[in-house]
Each structure stands twice: as C-alpha cells, then as structure tokens.
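Source file: query.cif. Holds: mmCIF, C-alpha atoms.
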```
data_entry
#
loop_
_atom_site.group_PDB
_atom_site.id
_atom_site.type_symbol
_atom_site.label_atom_id
_atom_site.label_comp_id
_atom_site.auth_asym_id
_atom_site.auth_seq_id
_atom_site.Cartn_x
_atom_site.Cartn_y
_atom_site.Cartn_z
ATOM 1 C CA MET A 22 -20.949 1.181 -6.738
ATOM 2 C CA ASN A 23 -18.474 -1.686 -7.062
ATOM 3 C CA VAL A 24 -15.032 -1.351 -8.661
ATOM 4 C CA PHE A 25 -12.309 -4.004 -8.803
ATOM 5 C CA GLY A 26 -9.087 -3.598 -6.822
ATOM 6 C CA VAL A 27 -5.920 -5.714 -6.928
ATOM 7 C CA ASP A 28 -3.036 -5.470 -4.474
ATOM 8 C CA ILE A 29 0.313 -6.736 -5.817
ATOM 9 C CA GLY A 30 2.627 -7.610 -2.948
ATOM 10 C CA GLY A 31 6.008 -9.226 -2.576
ATOM 11 C CA SER A 32 4.428 -12.473 -1.355
ATOM 12 C CA GLY A 33 0.851 -12.425 -2.677
ATOM 13 C CA ILE A 34 -1.477 -10.940 -5.289
ATOM 14 C CA LYS A 35 -4.967 -10.419 -3.917
ATOM 15 C CA GLY A 36 -8.086 -8.748 -5.192
ATOM 16 C CA ALA A 37 -11.860 -8.398 -5.056
ATOM 17 C CA PRO A 38 -14.688 -6.129 -6.118
ATOM 18 C CA VAL A 39 -14.941 -3.200 -3.690
ATOM 19 C CA ASP A 40 -18.074 -1.475 -2.446
ATOM 20 C CA LEU A 41 -16.961 2.155 -2.602
ATOM 21 C CA GLU A 42 -19.887 3.418 -0.551
ATOM 22 C CA ARG A 43 -18.843 1.286 2.425
ATOM 23 C CA GLY A 44 -15.114 1.245 1.727
ATOM 24 C CA ASP A 45 -14.995 -2.523 2.097
ATOM 25 C CA LEU A 46 -14.679 -5.637 -0.026
ATOM 26 C CA ALA A 47 -17.960 -6.549 -1.698
ATOM 27 C CA THR A 48 -17.053 -10.243 -1.484
ATOM 28 C CA GLU A 49 -14.277 -12.410 -0.099
ATOM 29 C CA ARG A 50 -10.963 -11.684 -1.774
ATOM 30 C CA HIS A 51 -9.108 -14.126 -3.999
ATOM 31 C CA LYS A 52 -5.353 -14.528 -3.560
ATOM 32 C CA VAL A 53 -2.544 -16.180 -5.507
ATOM 33 C CA LEU A 54 1.112 -16.359 -4.559
ATOM 34 C CA THR A 55 3.456 -13.844 -6.130
ATOM 35 C CA PRO A 56 5.590 -15.839 -8.609
ATOM 36 C CA GLN A 57 9.324 -16.105 -8.139
ATOM 37 C CA PRO A 58 11.056 -14.518 -9.904
ATOM 38 C CA ALA A 59 8.422 -11.777 -9.853
ATOM 39 C CA THR A 60 8.858 -10.677 -13.479
ATOM 40 C CA PRO A 61 6.280 -8.392 -15.115
ATOM 41 C CA GLU A 62 4.728 -11.110 -17.272
ATOM 42 C CA ALA A 63 4.556 -13.632 -14.424
ATOM 43 C CA VAL A 64 2.984 -11.131 -12.023
ATOM 44 C CA MET A 65 0.555 -9.924 -14.691
ATOM 45 C CA ASP A 66 -0.489 -13.555 -15.193
ATOM 46 C CA GLY A 67 -1.330 -13.603 -11.471
ATOM 47 C CA VAL A 68 -3.296 -10.344 -11.708
ATOM 48 C CA CYS A 69 -5.285 -11.718 -14.640
ATOM 49 C CA GLU A 70 -5.994 -14.919 -12.699
ATOM 50 C CA VAL A 71 -7.342 -12.915 -9.744
ATOM 51 C CA VAL A 72 -9.534 -10.673 -11.926
ATOM 52 C CA GLU A 73 -10.814 -13.561 -14.059
ATOM 53 C CA HIS A 74 -11.673 -15.553 -10.913
ATOM 54 C CA PHE A 75 -14.580 -13.125 -10.464
ATOM 55 C CA GLY A 76 -15.435 -12.859 -14.159
ATOM 56 C CA TRP A 77 -14.928 -9.111 -13.791
ATOM 57 C CA ARG A 78 -15.444 -6.803 -16.768
ATOM 58 C CA GLY A 79 -14.696 -3.128 -16.320
ATOM 59 C CA PRO A 80 -12.084 -0.741 -14.906
ATOM 60 C CA VAL A 81 -9.475 -2.199 -12.565
ATOM 61 C CA GLY A 82 -7.283 -0.489 -9.994
ATOM 62 C CA ALA A 83 -3.993 -2.163 -9.114
ATOM 63 C CA THR A 84 -1.197 -1.428 -6.683
ATOM 64 C CA TYR A 85 2.528 -1.893 -7.234
ATOM 65 C CA PRO A 86 5.195 -2.202 -4.518
ATOM 66 C CA GLY A 87 7.348 0.652 -5.767
ATOM 67 C CA VAL A 88 7.354 4.032 -7.484
ATOM 68 C CA VAL A 89 4.726 4.525 -10.208
ATOM 69 C CA VAL A 90 4.776 7.600 -12.476
ATOM 70 C CA ASP A 91 2.282 7.971 -15.345
ATOM 71 C CA GLY A 92 1.543 4.238 -15.176
ATOM 72 C CA THR A 93 5.232 3.342 -15.536
ATOM 73 C CA THR A 94 7.021 1.436 -12.771
ATOM 74 C CA ARG A 95 10.256 3.213 -11.859
ATOM 75 C CA THR A 96 11.691 1.075 -9.039
ATOM 76 C CA ALA A 97 11.686 -2.629 -8.140
ATOM 77 C CA ALA A 98 12.916 -3.193 -4.588
ATOM 78 C CA ASN A 99 10.822 -6.303 -3.829
ATOM 79 C CA VAL A 100 10.060 -7.620 -7.318
ATOM 80 C CA ASP A 101 12.231 -8.501 -10.309
ATOM 81 C CA LYS A 102 14.403 -5.645 -11.611
ATOM 82 C CA SER A 103 12.919 -6.101 -15.089
ATOM 83 C CA TRP A 104 9.930 -4.041 -13.846
ATOM 84 C CA ILE A 105 11.976 -0.841 -14.047
ATOM 85 C CA GLY A 106 10.781 1.352 -16.907
ATOM 86 C CA VAL A 107 7.782 -0.822 -17.827
ATOM 87 C CA ASP A 108 4.489 0.755 -18.944
ATOM 88 C CA ALA A 109 2.765 -1.585 -16.536
ATOM 89 C CA ALA A 110 -0.634 0.119 -16.630
ATOM 90 C CA GLY A 111 -0.707 -0.058 -20.405
ATOM 91 C CA ARG A 112 0.350 -3.693 -20.551
ATOM 92 C CA LEU A 113 -2.139 -4.743 -17.896
ATOM 93 C CA SER A 114 -4.867 -2.848 -19.707
ATOM 94 C CA GLU A 115 -4.086 -4.777 -22.901
ATOM 95 C CA ARG A 116 -4.087 -8.081 -21.029
ATOM 96 C CA LEU A 117 -7.412 -7.414 -19.284
ATOM 97 C CA GLY A 118 -9.127 -5.555 -22.093
ATOM 98 C CA ALA A 119 -10.134 -2.798 -19.667
ATOM 99 C CA PRO A 120 -8.728 0.479 -18.283
ATOM 100 C CA VAL A 121 -6.185 -0.106 -15.516
ATOM 101 C CA THR A 122 -5.099 2.490 -12.971
ATOM 102 C CA LEU A 123 -1.767 1.634 -11.337
ATOM 103 C CA VAL A 124 -0.676 3.253 -8.062
ATOM 104 C CA ASN A 125 1.972 2.779 -5.413
ATOM 105 C CA ASP A 126 0.742 0.191 -2.919
ATOM 106 C CA ALA A 127 1.216 2.245 0.235
ATOM 107 C CA ASP A 128 -0.334 5.325 -1.380
ATOM 108 C CA ALA A 129 -3.422 3.241 -2.187
ATOM 109 C CA ALA A 130 -3.605 1.908 1.370
ATOM 110 C CA GLY A 131 -3.179 5.435 2.685
ATOM 111 C CA ILE A 132 -6.057 7.006 0.780
ATOM 112 C CA ALA A 133 -8.293 4.129 1.876
ATOM 113 C CA GLU A 134 -7.358 4.617 5.529
ATOM 114 C CA LEU A 135 -7.857 8.383 5.361
ATOM 115 C CA ARG A 136 -11.241 8.023 3.702
ATOM 116 C CA PHE A 137 -12.651 5.014 5.553
ATOM 117 C CA GLY A 138 -10.259 3.950 8.301
ATOM 118 C CA ALA A 139 -7.900 5.067 11.044
ATOM 119 C CA GLY A 140 -7.110 8.441 9.474
ATOM 120 C CA ARG A 141 -10.685 9.490 8.838
ATOM 121 C CA GLY A 142 -11.243 13.137 9.757
ATOM 122 C CA ARG A 143 -7.550 13.841 10.391
ATOM 123 C CA THR A 144 -6.237 16.957 8.651
ATOM 124 C CA GLY A 145 -2.710 17.257 10.020
ATOM 125 C CA THR A 146 0.352 15.339 8.879
ATOM 126 C CA VAL A 147 -0.491 11.627 8.799
ATOM 127 C CA ILE A 148 1.918 8.864 7.801
ATOM 128 C CA LEU A 149 0.818 5.347 6.970
ATOM 129 C CA LEU A 150 3.540 2.681 7.056
ATOM 130 C CA THR A 151 2.917 -0.789 5.667
ATOM 131 C CA LEU A 152 5.141 -3.383 7.319
ATOM 132 C CA GLY A 153 5.464 -6.453 5.131
ATOM 133 C CA THR A 154 7.996 -7.826 2.650
ATOM 134 C CA GLY A 155 9.372 -4.282 2.717
ATOM 135 C CA ILE A 156 8.146 -1.024 4.237
ATOM 136 C CA GLY A 157 5.825 1.178 2.209
ATOM 137 C CA SER A 158 4.821 4.698 3.148
ATOM 138 C CA ALA A 159 2.107 7.230 2.394
ATOM 139 C CA VAL A 160 2.466 10.799 3.652
ATOM 140 C CA PHE A 161 -0.493 13.190 3.891
ATOM 141 C CA THR A 162 -0.777 16.743 5.080
ATOM 142 C CA GLY A 163 -4.067 18.598 5.079
ATOM 143 C CA GLY A 164 -5.549 15.679 3.165
ATOM 144 C CA HIS A 165 -2.978 16.043 0.372
ATOM 145 C CA LEU A 166 -0.912 13.003 -0.594
ATOM 146 C CA VAL A 167 2.817 13.317 -1.282
ATOM 147 C CA PRO A 168 3.140 10.418 -3.761
ATOM 148 C CA ASN A 169 5.822 7.732 -3.930
ATOM 149 C CA THR A 170 7.639 8.673 -0.725
ATOM 150 C CA GLU A 171 9.258 5.224 -0.222
ATOM 151 C CA LEU A 172 10.351 5.908 3.368
ATOM 152 C CA GLY A 173 11.227 2.249 3.820
ATOM 153 C CA HIS A 174 14.476 3.005 2.014
ATOM 154 C CA LEU A 175 15.676 5.576 4.532
ATOM 155 C CA GLU A 176 19.078 4.736 6.014
ATOM 156 C CA LEU A 177 18.838 3.729 9.662
ATOM 157 C CA ARG A 178 22.087 3.118 11.537
ATOM 158 C CA GLY A 179 23.905 2.141 8.373
ATOM 159 C CA HIS A 180 21.136 -0.109 7.058
ATOM 160 C CA GLU A 181 18.180 0.389 4.768
ATOM 161 C CA ALA A 182 15.253 0.677 7.170
ATOM 162 C CA GLU A 183 13.136 -2.079 5.631
ATOM 163 C CA THR A 184 15.976 -4.592 6.045
ATOM 164 C CA ARG A 185 15.707 -4.008 9.809
ATOM 165 C CA ALA A 186 12.077 -3.219 10.615
ATOM 166 C CA SER A 187 9.926 -4.974 8.000
ATOM 167 C CA THR A 188 7.892 -8.068 8.795
ATOM 168 C CA ARG A 189 10.233 -10.048 6.568
ATOM 169 C CA ALA A 190 13.185 -8.906 8.700
ATOM 170 C CA LYS A 191 11.367 -10.186 11.786
ATOM 171 C CA GLU A 192 10.651 -13.551 10.190
ATOM 172 C CA GLU A 193 14.078 -14.060 8.624
ATOM 173 C CA GLY A 194 15.823 -13.041 11.846
ATOM 174 C CA ASP A 195 13.439 -15.104 13.980
ATOM 175 C CA LEU A 196 13.038 -12.031 16.186
ATOM 176 C CA SER A 197 10.808 -11.905 19.238
ATOM 177 C CA TRP A 198 7.999 -9.366 19.239
ATOM 178 C CA GLN A 199 9.902 -7.302 21.811
ATOM 179 C CA HIS A 200 13.153 -7.299 19.815
ATOM 180 C CA TRP A 201 11.342 -6.403 16.607
ATOM 181 C CA ALA A 202 9.269 -3.710 18.341
ATOM 182 C CA ARG A 203 12.502 -1.981 19.410
ATOM 183 C CA ARG A 204 13.571 -1.871 15.781
ATOM 184 C CA VAL A 205 10.201 -0.493 14.694
ATOM 185 C CA GLU A 206 10.411 2.063 17.508
ATOM 186 C CA LYS A 207 13.812 3.304 16.281
ATOM 187 C CA TYR A 208 12.450 3.547 12.756
ATOM 188 C CA LEU A 209 9.364 5.501 13.858
ATOM 189 C CA ALA A 210 11.552 7.852 15.899
ATOM 190 C CA HIS A 211 13.671 8.539 12.807
ATOM 191 C CA VAL A 212 10.637 9.232 10.606
ATOM 192 C CA GLU A 213 9.118 11.389 13.356
ATOM 193 C CA MET A 214 12.295 13.445 13.537
ATOM 194 C CA LEU A 215 12.007 14.151 9.796
ATOM 195 C CA PHE A 216 8.255 14.826 9.483
ATOM 196 C CA SER A 217 6.727 15.475 12.946
ATOM 197 C CA PRO A 218 3.419 13.767 12.113
ATOM 198 C CA GLU A 219 0.418 13.841 14.414
ATOM 199 C CA LEU A 220 -0.475 10.251 13.546
ATOM 200 C CA PHE A 221 1.258 7.061 12.422
ATOM 201 C CA ILE A 222 -0.983 4.354 10.964
ATOM 202 C CA ILE A 223 0.645 0.921 10.928
ATOM 203 C CA GLY A 224 -0.637 -1.215 8.062
ATOM 204 C CA GLY A 225 0.194 -4.452 6.305
ATOM 205 C CA GLY A 226 -0.773 -7.947 7.345
ATOM 206 C CA VAL A 227 0.976 -7.576 10.705
ATOM 207 C CA SER A 228 -1.545 -4.884 11.697
ATOM 208 C CA ARG A 229 -3.959 -7.630 12.737
ATOM 209 C CA LYS A 230 -1.409 -8.557 15.425
ATOM 210 C CA ALA A 231 -0.915 -4.969 16.582
ATOM 211 C CA ASP A 232 -1.577 -5.905 20.203
ATOM 212 C CA LYS A 233 1.621 -7.971 20.202
ATOM 213 C CA PHE A 234 3.989 -5.120 19.352
ATOM 214 C CA LEU A 235 2.418 -1.636 19.401
ATOM 215 C CA PRO A 236 2.144 -1.554 23.231
ATOM 216 C CA LEU A 237 5.900 -2.257 23.347
ATOM 217 C CA ILE A 238 6.759 0.879 21.357
ATOM 218 C CA LYS A 239 7.656 3.801 23.631
ATOM 219 C CA GLY A 240 8.783 7.406 23.306
ATOM 220 C CA ILE A 241 6.974 8.316 20.084
ATOM 221 C CA LYS A 242 5.217 11.688 20.393
ATOM 222 C CA ALA A 243 2.758 11.021 17.577
ATOM 223 C CA GLU A 244 -0.245 8.779 18.088
ATOM 224 C CA VAL A 245 0.488 5.279 16.756
ATOM 225 C CA VAL A 246 -2.502 3.150 15.732
ATOM 226 C CA PRO A 247 -3.105 0.037 13.631
ATOM 227 C CA ALA A 248 -4.766 0.342 10.244
ATOM 228 C CA GLN A 249 -8.487 -0.356 10.456
ATOM 229 C CA LEU A 250 -8.834 -1.770 6.952
ATOM 230 C CA ARG A 251 -5.811 -3.943 7.678
ATOM 231 C CA ASN A 252 -4.671 -5.997 4.708
ATOM 232 C CA SER A 253 -7.652 -4.917 2.585
ATOM 233 C CA ALA A 254 -6.573 -1.263 2.458
ATOM 234 C CA GLY A 255 -4.530 -1.638 -0.720
ATOM 235 C CA ILE A 256 -7.396 -3.328 -2.555
ATOM 236 C CA VAL A 257 -9.860 -0.633 -1.450
ATOM 237 C CA GLY A 258 -7.482 2.209 -2.329
ATOM 238 C CA ALA A 259 -6.739 0.737 -5.760
ATOM 239 C CA ALA A 260 -10.462 0.556 -6.495
ATOM 240 C CA MET A 261 -10.875 4.165 -5.319
ATOM 241 C CA ALA A 262 -8.159 5.276 -7.728
ATOM 242 C CA ALA A 263 -9.742 3.376 -10.639
ATOM 243 C CA SER A 264 -13.116 4.920 -9.883
ATOM 244 C CA LEU A 265 -11.676 8.412 -9.802
ATOM 245 C CA ALA A 266 -9.848 7.867 -13.102
ATOM 246 C CA ALA A 267 -13.095 6.685 -14.701
ATOM 247 C CA HIS A 268 -15.222 9.440 -13.120
ATOM 248 C CA PRO A 269 -12.935 12.420 -12.391
ATOM 249 C CA ALA A 270 -15.860 14.694 -11.535
ATOM 250 C CA ASP A 271 -16.837 12.475 -8.595
ATOM 251 C CA GLN A 272 -15.501 14.402 -5.617
ATOM 252 C CA ALA A 273 -16.899 11.879 -3.142
ATOM 253 C CA LEU A 274 -13.574 10.068 -3.417
ATOM 254 C CA PRO A 275 -10.184 11.603 -2.584
ATOM 255 C CA PRO A 276 -7.852 11.731 -5.604
ATOM 256 C CA LEU A 277 -4.207 10.671 -5.654
ATOM 257 C CA PRO A 278 -1.391 10.497 -8.194
ATOM 258 C CA GLY A 279 -1.091 7.353 -10.284
ATOM 259 C CA PRO A 280 -2.625 7.763 -13.731
ATOM 260 C CA SER A 281 -4.073 4.834 -15.639
ATOM 261 C CA ALA A 282 -3.267 3.724 -19.168
ATOM 262 C CA ASP A 283 -5.702 6.481 -20.181
ATOM 263 C CA PRO A 284 -4.064 9.711 -18.860
ATOM 264 C CA GLY A 285 -7.489 10.685 -17.472
ATOM 265 C CA PRO A 286 -7.813 13.368 -14.807
ATOM 266 C CA ASP A 287 -5.178 15.109 -12.761
ATOM 267 C CA LEU A 288 -5.095 12.826 -9.746
ATOM 268 C CA GLY A 289 -2.600 14.959 -7.874
ATOM 269 C CA ALA A 290 -5.129 17.383 -6.460
ATOM 270 C CA ALA A 291 -6.639 16.702 -3.061
ATOM 271 C CA ALA A 292 -10.310 16.816 -2.097
ATOM 272 C CA GLY A 293 -13.030 14.902 -0.393
ATOM 273 C CA PHE A 294 -11.426 14.061 2.966
#
```
Represent the structure contained in this file as structure tokens.
Amino acid sequence: MNVFGVDIGGSGIKGAPVDLERGDLATERHKVLTPQPATPEAVMDGVCEVVEHFGWRGPVGATYPGVVVDGTTRTAANVDKSWIGVDAAGRLSERLGAPVTLVNDADAAGIAELRFGAGRGRTGTVILLTLGTGIGSAVFTGGHLVPNTELGHLELRGHEAETRASTRAKEEGDLSWQHWARRVEKYLAHVEMLFSPELFIIGGGVSRKADKFLPLIKGIKAEVVPAQLRNSAGIVGAAMAASLAAHPADQALPPLPGPSADPGPDLGAAAGF
C-alpha cells in the first residue's frame, strides 16, 4: 500500500509516495526549497507543489518542525512566527482537497526508525535526534512515543542546545568535524543524564556522513547509531501517520499523536512495534 508523505524542513520541503510494506519511498522524492520567510501560505504552496508533482490524490501525511497538537502548530522555532496557533492540518486539507495528518517532524522520523530502521526491535528507552536546521527529538519507551519533546531547546551551558550542536551551527560557525563532534558529545551527555536511554539514533541529512563524526564522540554510555532511513525517515513516518488516521484498525503500523483535520482515531496509544 502506498501513502503520500511530505517532510517540511527549515531548508527544504520534500515528499514522495511511500510503500508502507517496505518502509521506503515508492519512487524518487521531489524537493523544493523552503521559502523565506517561511510563512504558512508560502510553505503550503511548496507542499502543494510537491504533492501535485506526482499527481497524487488521497490522504497525505506531513511533518512540521515544531509542536503539533490536534493539527494546530503551537511553536515556530525554525519557520515564520505566524505559524503559531494555525490550524495547519485543516488548511492543508482544504488546499489539497484530501485528508491531511500533521505531525512533529522528529516524531515522524522516530516512528519510522522504530518500525523499519535503527530502532527496530528495541523496547527500552530510545531517543532519536535529528540534527539539521535545528535539533528535533523523539523519545520512546517500551514502544510508546512521548510526543513533541523538543529536546533541541534544552539549555546547554547557557545556550539553547540547537544553536550549538545543530548542523546549521556547524555550517555557520565553519566548525571542523572534530570541533562539532565535541559539541554533539556534550549535548548527548546532557540528554543521557536526563533520560538514561539505551539507544541514541542520530538522524537528519548529516546521518549519511555519520562516519565523519560519530567515531569522534566518546564517553556516552548509550549506544549511538546513525538513522538507517536517513533523510527519508520523516517522509516515511508522515505516511505511516496518514495511513493510521485513515485506517485506525490497522495495527500493523505503530500509532503516534498528531491528529489530522479529521479527528480520527486516538493516535496516542502504542502498538505494533
């Protein structure tokens, strides 16, 4: 079964139909740049362009780089502040003429990695961190997702963590891999102190270069591994969420919070891992 997933990021909007049996893109993704300023209407134009590129008709799952509650976007750290308080799922549904399920971007990546990727079969506390324009987080314990954790906004030595350890911080500071890895190491140590996970999964586009920085990270008790779905995890997870909203009785997919424009099922329960 194919369902469409769109991943809205601080730098790009990318999407594709997803084969939910394989947990992989059914075809090559299409990407457009995130407009600046990243206002709701401008970003929604980009989402529509990505979906219409494939001529898709049917339910759509979409991620958002911030807190999403009942389809409404509550924060806007890496997009325009006008997103705060917007019924984004409802507006996207009207634009596309189809049901839209909107979820936090890291939560979507996390459920994809636990179902199909680096966290498959793990039942302890698992934390996925997406290093990109900011830092997103998804926290699981016993297969249950704690939604909208936003651990990138933890304070670390007087600074918001994502201003120090995100990929954008590396690029803007022109940091070497070694220098940046030390910052990531300090951030992981702080998160480990708070949650004592058994596994960290490092996602985002930089995960494809994991060999350049993960071996430099020392002293973390938890296992630290790169995401296996890499930068496709958000697209896959968004499609999983849309499928569950459309077919709540299908327990082959793990549910997560993030209702669509149609309130649909209770996505907060956990099953299927």
Exercise for the section: Determine, counting all atoms listed in the file, which protein, DNA and RNA residues have an atom within 8 Å of an atom of A:Gly82; residues of the same chain fewer than 5 positions away are not included. Present the result as a PyMOL selection string. Expected result: chain A and resi 24-27+121-124+256+259-264
Practice task
Please provide as a ChimeraX atom specification all residues within 12 Å of stretch 101-106 of chain A, with the sequence filter that same-chain residues fewer than 2 positions apart are discarded (counting all atoms listed in the file).
Solution key: /A:31,55-65,85-99,108-110,112
Exercise for the section: Dig up all the protein and nucleic acid residues within 6 Å of (-6.5, 16.4, 4.4) in the file frame, using only C-alpha atoms, and format them as an NGL selection string. Expected result: :A and (144 or 162-165 or 294)
Exercise for the section: Give as a PyMOL selection string every residue, naming chains and numbers as the document does, that has an atom within 12 Å of (-20.1, 3.8, 3.8), counting only C-alpha atoms. Expected result: chain A and resi 22+39-47+133+136-138+273-274
Problem - Contact residues around A:Phe234 with all atoms listed in the file at 12 Å, ignoring same-chain residues under 6 positions, as a list in words - result: Thr188, Lys191, Leu196, Ser197, Trp198, Gln199, His200, Trp201, Ala202, Arg203, Arg204, Val205, Glu206, Ile223, Val227, Ser228, Val245, Val246 and Pro247 of chain A
Residue neighbourhood A:Gly67, 7 Å, only C-alpha atoms, exclusion window fewer than 4 positions, as a compact mmCIF listing (two decimals) with C-alpha atoms, keeping the file's coordinate frame:
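Here's the written file selection.txt:
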```txt
# COMPACT_ATOMS: atom_id res chain seq x y z
CA ILE A 34 -1.48 -10.94 -5.29
CA VAL A 53 -2.54 -16.18 -5.51
CA ALA A 63 4.56 -13.63 -14.42
CA VAL A 71 -7.34 -12.92 -9.74
```
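Put simply, atom CA of A:Gly155 is 17.2 Å away from atom CA of A:Pro168.
Distances from A:Val81, A:Val212, A:Ala248, A:Val100 to A:Glu115 were compared using only C-alpha atoms, and the smallest one belongs to A:Val81.
As for atom CA of A:Gly255 and atom CA of A:Leu152, they are spaced 12.7 Å apart.
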Practice task
Quote the spacing between atom CA of A:Val72 and atom CA of A:His268 in Å to one decimal place.
Solution key: 20.9 Å
For the structure shown, which residues end up in the PyMOL selection byres ((chain A and resi 182) around 12)? Put them as an mmCIF file with C-alpha atoms, in the coordinates of the input, please?
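New file result_33.cif:
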```
data_model
loop_
_atom_site.group_PDB
_atom_site.id
_atom_site.type_symbol
_atom_site.label_atom_id
_atom_site.label_comp_id
_atom_site.auth_asym_id
_atom_site.auth_seq_id
_atom_site.Cartn_x
_atom_site.Cartn_y
_atom_site.Cartn_z
ATOM 1 C CA LEU A 150 3.540 2.681 7.056
ATOM 2 C CA LEU A 152 5.141 -3.383 7.319
ATOM 3 C CA GLY A 155 9.372 -4.282 2.717
ATOM 4 C CA ILE A 156 8.146 -1.024 4.237
ATOM 5 C CA GLY A 157 5.825 1.178 2.209
ATOM 6 C CA SER A 158 4.821 4.698 3.148
ATOM 7 C CA GLU A 171 9.258 5.224 -0.222
ATOM 8 C CA LEU A 172 10.351 5.908 3.368
ATOM 9 C CA GLY A 173 11.227 2.249 3.820
ATOM 10 C CA HIS A 174 14.476 3.005 2.014
ATOM 11 C CA LEU A 175 15.676 5.576 4.532
ATOM 12 C CA GLU A 176 19.078 4.736 6.014
ATOM 13 C CA LEU A 177 18.838 3.729 9.662
ATOM 14 C CA ARG A 178 22.087 3.118 11.537
ATOM 15 C CA GLY A 179 23.905 2.141 8.373
ATOM 16 C CA HIS A 180 21.136 -0.109 7.058
ATOM 17 C CA GLU A 181 18.180 0.389 4.768
ATOM 18 C CA GLU A 183 13.136 -2.079 5.631
ATOM 19 C CA THR A 184 15.976 -4.592 6.045
ATOM 20 C CA ARG A 185 15.707 -4.008 9.809
ATOM 21 C CA ALA A 186 12.077 -3.219 10.615
ATOM 22 C CA SER A 187 9.926 -4.974 8.000
ATOM 23 C CA THR A 188 7.892 -8.068 8.795
ATOM 24 C CA ARG A 189 10.233 -10.048 6.568
ATOM 25 C CA ALA A 190 13.185 -8.906 8.700
ATOM 26 C CA ARG A 204 13.571 -1.871 15.781
ATOM 27 C CA VAL A 205 10.201 -0.493 14.694
ATOM 28 C CA GLU A 206 10.411 2.063 17.508
ATOM 29 C CA LYS A 207 13.812 3.304 16.281
ATOM 30 C CA TYR A 208 12.450 3.547 12.756
ATOM 31 C CA LEU A 209 9.364 5.501 13.858
ATOM 32 C CA ALA A 210 11.552 7.852 15.899
ATOM 33 C CA HIS A 211 13.671 8.539 12.807
ATOM 34 C CA VAL A 212 10.637 9.232 10.606
#
```
Using only the atoms of stretch 93-103 of chain A listed in the file, plus 5 Å on each side, state the axis-aligned box centre and edge lengths in Å rounded to one decimal, as JSON.
```
{"center_x": 9.8, "center_y": -2.6, "center_z": -9.7, "size_x": 19.2, "size_y": 21.8, "size_z": 21.7}
```
